[in-house]
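*Asks:* I'd like to ask you about the structure that follows.
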Amino acid sequence: MAHWLIKSEPTKYSWHKFVEDKQTFWDGVRNFAARNNLKAMKKGDEVFFYHSNEGKEIVGIAKVAKEAYQDPTSDDPNWVVVDFKPVKKLKKPVTLAAIKGDPRLVKFELVRLSRLSVSAVTDEEWSIVLELAETK
């Protein structure tokens with residue numbers, strides 16, 4: 001199983017709204033690297049949900065519910081969406097400052113490729129973030 005991170009501005013789509021909706025498709029991705037990450041996702045993969053711009057913190061864990069398919073908001077076949085379901089809120093959100101301050105996370109794509117809206121997370125990074133979140 002692979003691990004990923006998706007970003008959303010909480011004023012546009014928050015963790016709370018995601019939990020309320022119970023499932024959503026991740027649309028509007030218009031970056032080829034982020035799109036390739038969506039295409040690489042498999043059903044059951046675990047995903048960190050990150051609040052960008054406001055909060056700047058990982059707040060929850062989701063799972064891939066449906067693998068990549070044509071983005072219904074675009075006629076361009078280059079763009080895809082993936083369906084996600086919320087799993088659980090982190091016991092303690094993990095801020096971007098905490099991530100940047102942890103020397104074990106210097107290669108974390110959230111730090112290195114800060115503008116990428118969908119990124120890969122290594123197994124080691126996943127475990128470290130869960131440790132920081134005090135979440136199992």
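Just remember, in the structure tokens the first chain shown is A, the second B, etc., residues are 1-based per chain, and ligands are 1-based in the order shown.
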I'd like the neighbourhood of A:Lys63 as a ChimeraX atom specification, where a residue qualifies if any of its atoms comes within 7 Å (using only C-alpha atoms), though same-chain residues fewer than 4 positions away should be ignored.

*Replies:* /A:44-47,84-87

*Asks:* Taking 3 positions as the minimum chain separation for residues in the same chain, which residues sit within 8 Å of stretch 33-42 of chain A when counting only C-alpha atoms? Answer as an NGL selection string.

*Replies:* :A and (1-2 or 29-30 or 45 or 64 or 66-68 or 79-82 or 116-120)

*Asks:* With C-alpha atoms kept, could you save the residues just selected as a compact mmCIF listing (two decimals), in the first residue's frame?

*Replies:*
```txt
# COMPACT_ATOMS: atom_id res chain seq x y z
CA MET A 1 0.00 0.00 0.00
CA ALA A 2 1.26 3.47 -0.90
CA VAL A 29 -5.84 19.21 -10.39
CA ARG A 30 -4.09 20.93 -13.28
CA ASP A 45 -4.05 3.60 -0.33
CA VAL A 64 -8.61 5.99 -1.87
CA LYS A 66 -11.98 4.75 -6.37
CA GLU A 67 -8.95 4.94 -8.65
CA ALA A 68 -8.36 7.62 -11.29
CA TRP A 79 -7.12 15.44 -16.24
CA VAL A 80 -8.37 12.86 -13.76
CA VAL A 81 -9.98 12.63 -10.34
CA VAL A 82 -9.76 10.08 -7.55
CA LEU A 116 2.41 20.38 -5.39
CA SER A 117 -1.22 19.69 -4.42
CA VAL A 118 -0.98 15.88 -4.52
CA SER A 119 2.25 14.27 -3.40
CA ALA A 120 3.76 10.94 -2.43
```

*Asks:* Quick one: residues within 8 Å of A:Glu57, only C-alpha atoms, excluding same-chain residues fewer than 2 positions away - as an mmCIF file with C-alpha atoms, in the first residue's frame?

*Replies:*
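Below is the file out16.cif, written as the result:
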```
data_model
loop_
_atom_site.group_PDB
_atom_site.id
_atom_site.type_symbol
_atom_site.label_atom_id
_atom_site.label_comp_id
_atom_site.auth_asym_id
_atom_site.auth_seq_id
_atom_site.Cartn_x
_atom_site.Cartn_y
_atom_site.Cartn_z
ATOM 1 C CA TYR A 50 -3.598 18.789 4.579
ATOM 2 C CA HIS A 51 -5.147 22.224 5.143
ATOM 3 C CA SER A 52 -3.166 24.657 2.994
ATOM 4 C CA GLY A 55 -3.817 26.326 9.200
ATOM 5 C CA VAL A 59 -5.488 17.194 9.987
ATOM 6 C CA PRO A 93 -2.774 18.181 13.807
ATOM 7 C CA VAL A 94 0.779 18.254 12.460
ATOM 8 C CA THR A 95 1.758 21.751 11.409
ATOM 9 C CA LEU A 96 4.021 22.623 8.529
#
```

*Asks:* Smallest atom-to-atom distance to A:His3: which of A:Ala98, A:Ile58, A:Leu90, A:Val121, using only C-alpha atoms?

*Replies:*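 Looking only at the distances to A:His3, the closest residue turns out to be A:Val121.
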
*Asks:* What does the distance between atom CA of A:Asp76 and atom CA of A:Trp4 come to in Å, to one decimal place?

*Replies:*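 The value is 24.4 Å.
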
*Asks:* In Å, how far is it from atom CA of A:Lys92 to atom CA of A:Ala133?

*Replies:* 4.6 Å

*Asks:* Name the residues of chain A that fall into strand (DSSP E or B) according to DSSP on the backbone, using the chain letters and numbers of this document, as JSON, numbers by chain.

*Replies:* {"A": [3, 4, 5, 6, 7, 8, 24, 25, 46, 47, 48, 49, 50, 51, 57, 58, 59, 60, 61, 62, 63, 64, 65, 66, 67, 68, 69, 70, 80, 81, 82, 83, 84, 85, 86, 87, 88, 89, 90, 91, 92, 93, 94, 95, 118, 119, 120, 121]}

*Asks:* Would you save the residues from that selection as a compact mmCIF listing (two decimals), in the first residue's frame, using C-alpha atoms?

*Replies:*
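File written: selection_2.txt
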```txt
# COMPACT_ATOMS: atom_id res chain seq x y z
CA HIS A 3 0.80 6.70 1.03
CA TRP A 4 -0.07 10.14 -0.28
CA LEU A 5 -0.90 13.69 0.74
CA ILE A 6 -3.64 15.88 -0.71
CA LYS A 7 -4.03 19.59 -0.02
CA SER A 8 -7.12 21.71 0.31
CA THR A 24 -15.62 13.11 -2.53
CA PHE A 25 -13.74 13.16 -5.80
CA GLU A 46 -3.86 5.89 2.71
CA VAL A 47 -3.80 9.66 2.30
CA PHE A 48 -3.01 12.57 4.59
CA PHE A 49 -5.47 15.48 4.32
CA TYR A 50 -3.60 18.79 4.58
CA HIS A 51 -5.15 22.22 5.14
CA GLU A 57 -1.37 21.41 8.93
CA ILE A 58 -2.12 17.75 8.32
CA VAL A 59 -5.49 17.19 9.99
CA GLY A 60 -6.72 13.77 8.95
CA ILE A 61 -6.35 10.46 7.16
CA ALA A 62 -8.38 9.38 4.14
CA LYS A 63 -8.39 6.33 1.88
CA VAL A 64 -8.61 5.99 -1.87
CA ALA A 65 -12.14 4.74 -2.56
CA LYS A 66 -11.98 4.75 -6.37
CA GLU A 67 -8.95 4.94 -8.65
CA ALA A 68 -8.36 7.62 -11.29
CA TYR A 69 -11.05 8.40 -13.85
CA GLN A 70 -11.85 11.34 -16.17
CA VAL A 80 -8.37 12.86 -13.76
CA VAL A 81 -9.98 12.63 -10.34
CA VAL A 82 -9.76 10.08 -7.55
CA ASP A 83 -12.47 9.35 -4.97
CA PHE A 84 -11.52 9.60 -1.29
CA LYS A 85 -13.25 8.64 1.94
CA PRO A 86 -12.33 10.09 5.33
CA VAL A 87 -10.92 7.57 7.82
CA LYS A 88 -10.10 9.56 10.94
CA LYS A 89 -9.07 12.92 12.27
CA LEU A 90 -5.56 13.09 13.68
CA LYS A 91 -5.42 13.27 17.45
CA LYS A 92 -3.11 16.27 17.12
CA PRO A 93 -2.77 18.18 13.81
CA VAL A 94 0.78 18.25 12.46
CA THR A 95 1.76 21.75 11.41
CA VAL A 118 -0.98 15.88 -4.52
CA SER A 119 2.25 14.27 -3.40
CA ALA A 120 3.76 10.94 -2.43
CA VAL A 121 4.62 10.11 1.18
```

*Asks:* Return as a count of residues only the full set of residues in chain A whose backbone-based DSSP assignment is alpha helix (DSSP H).

*Replies:* 35

*Asks:* Quick check, in Å to one decimal: how far apart do atom CA of A:Arg104 and atom CA of A:Ile128 lie?

*Replies:*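 Going from atom CA of A:Arg104 over to atom CA of A:Ile128 covers 7.8 Å.
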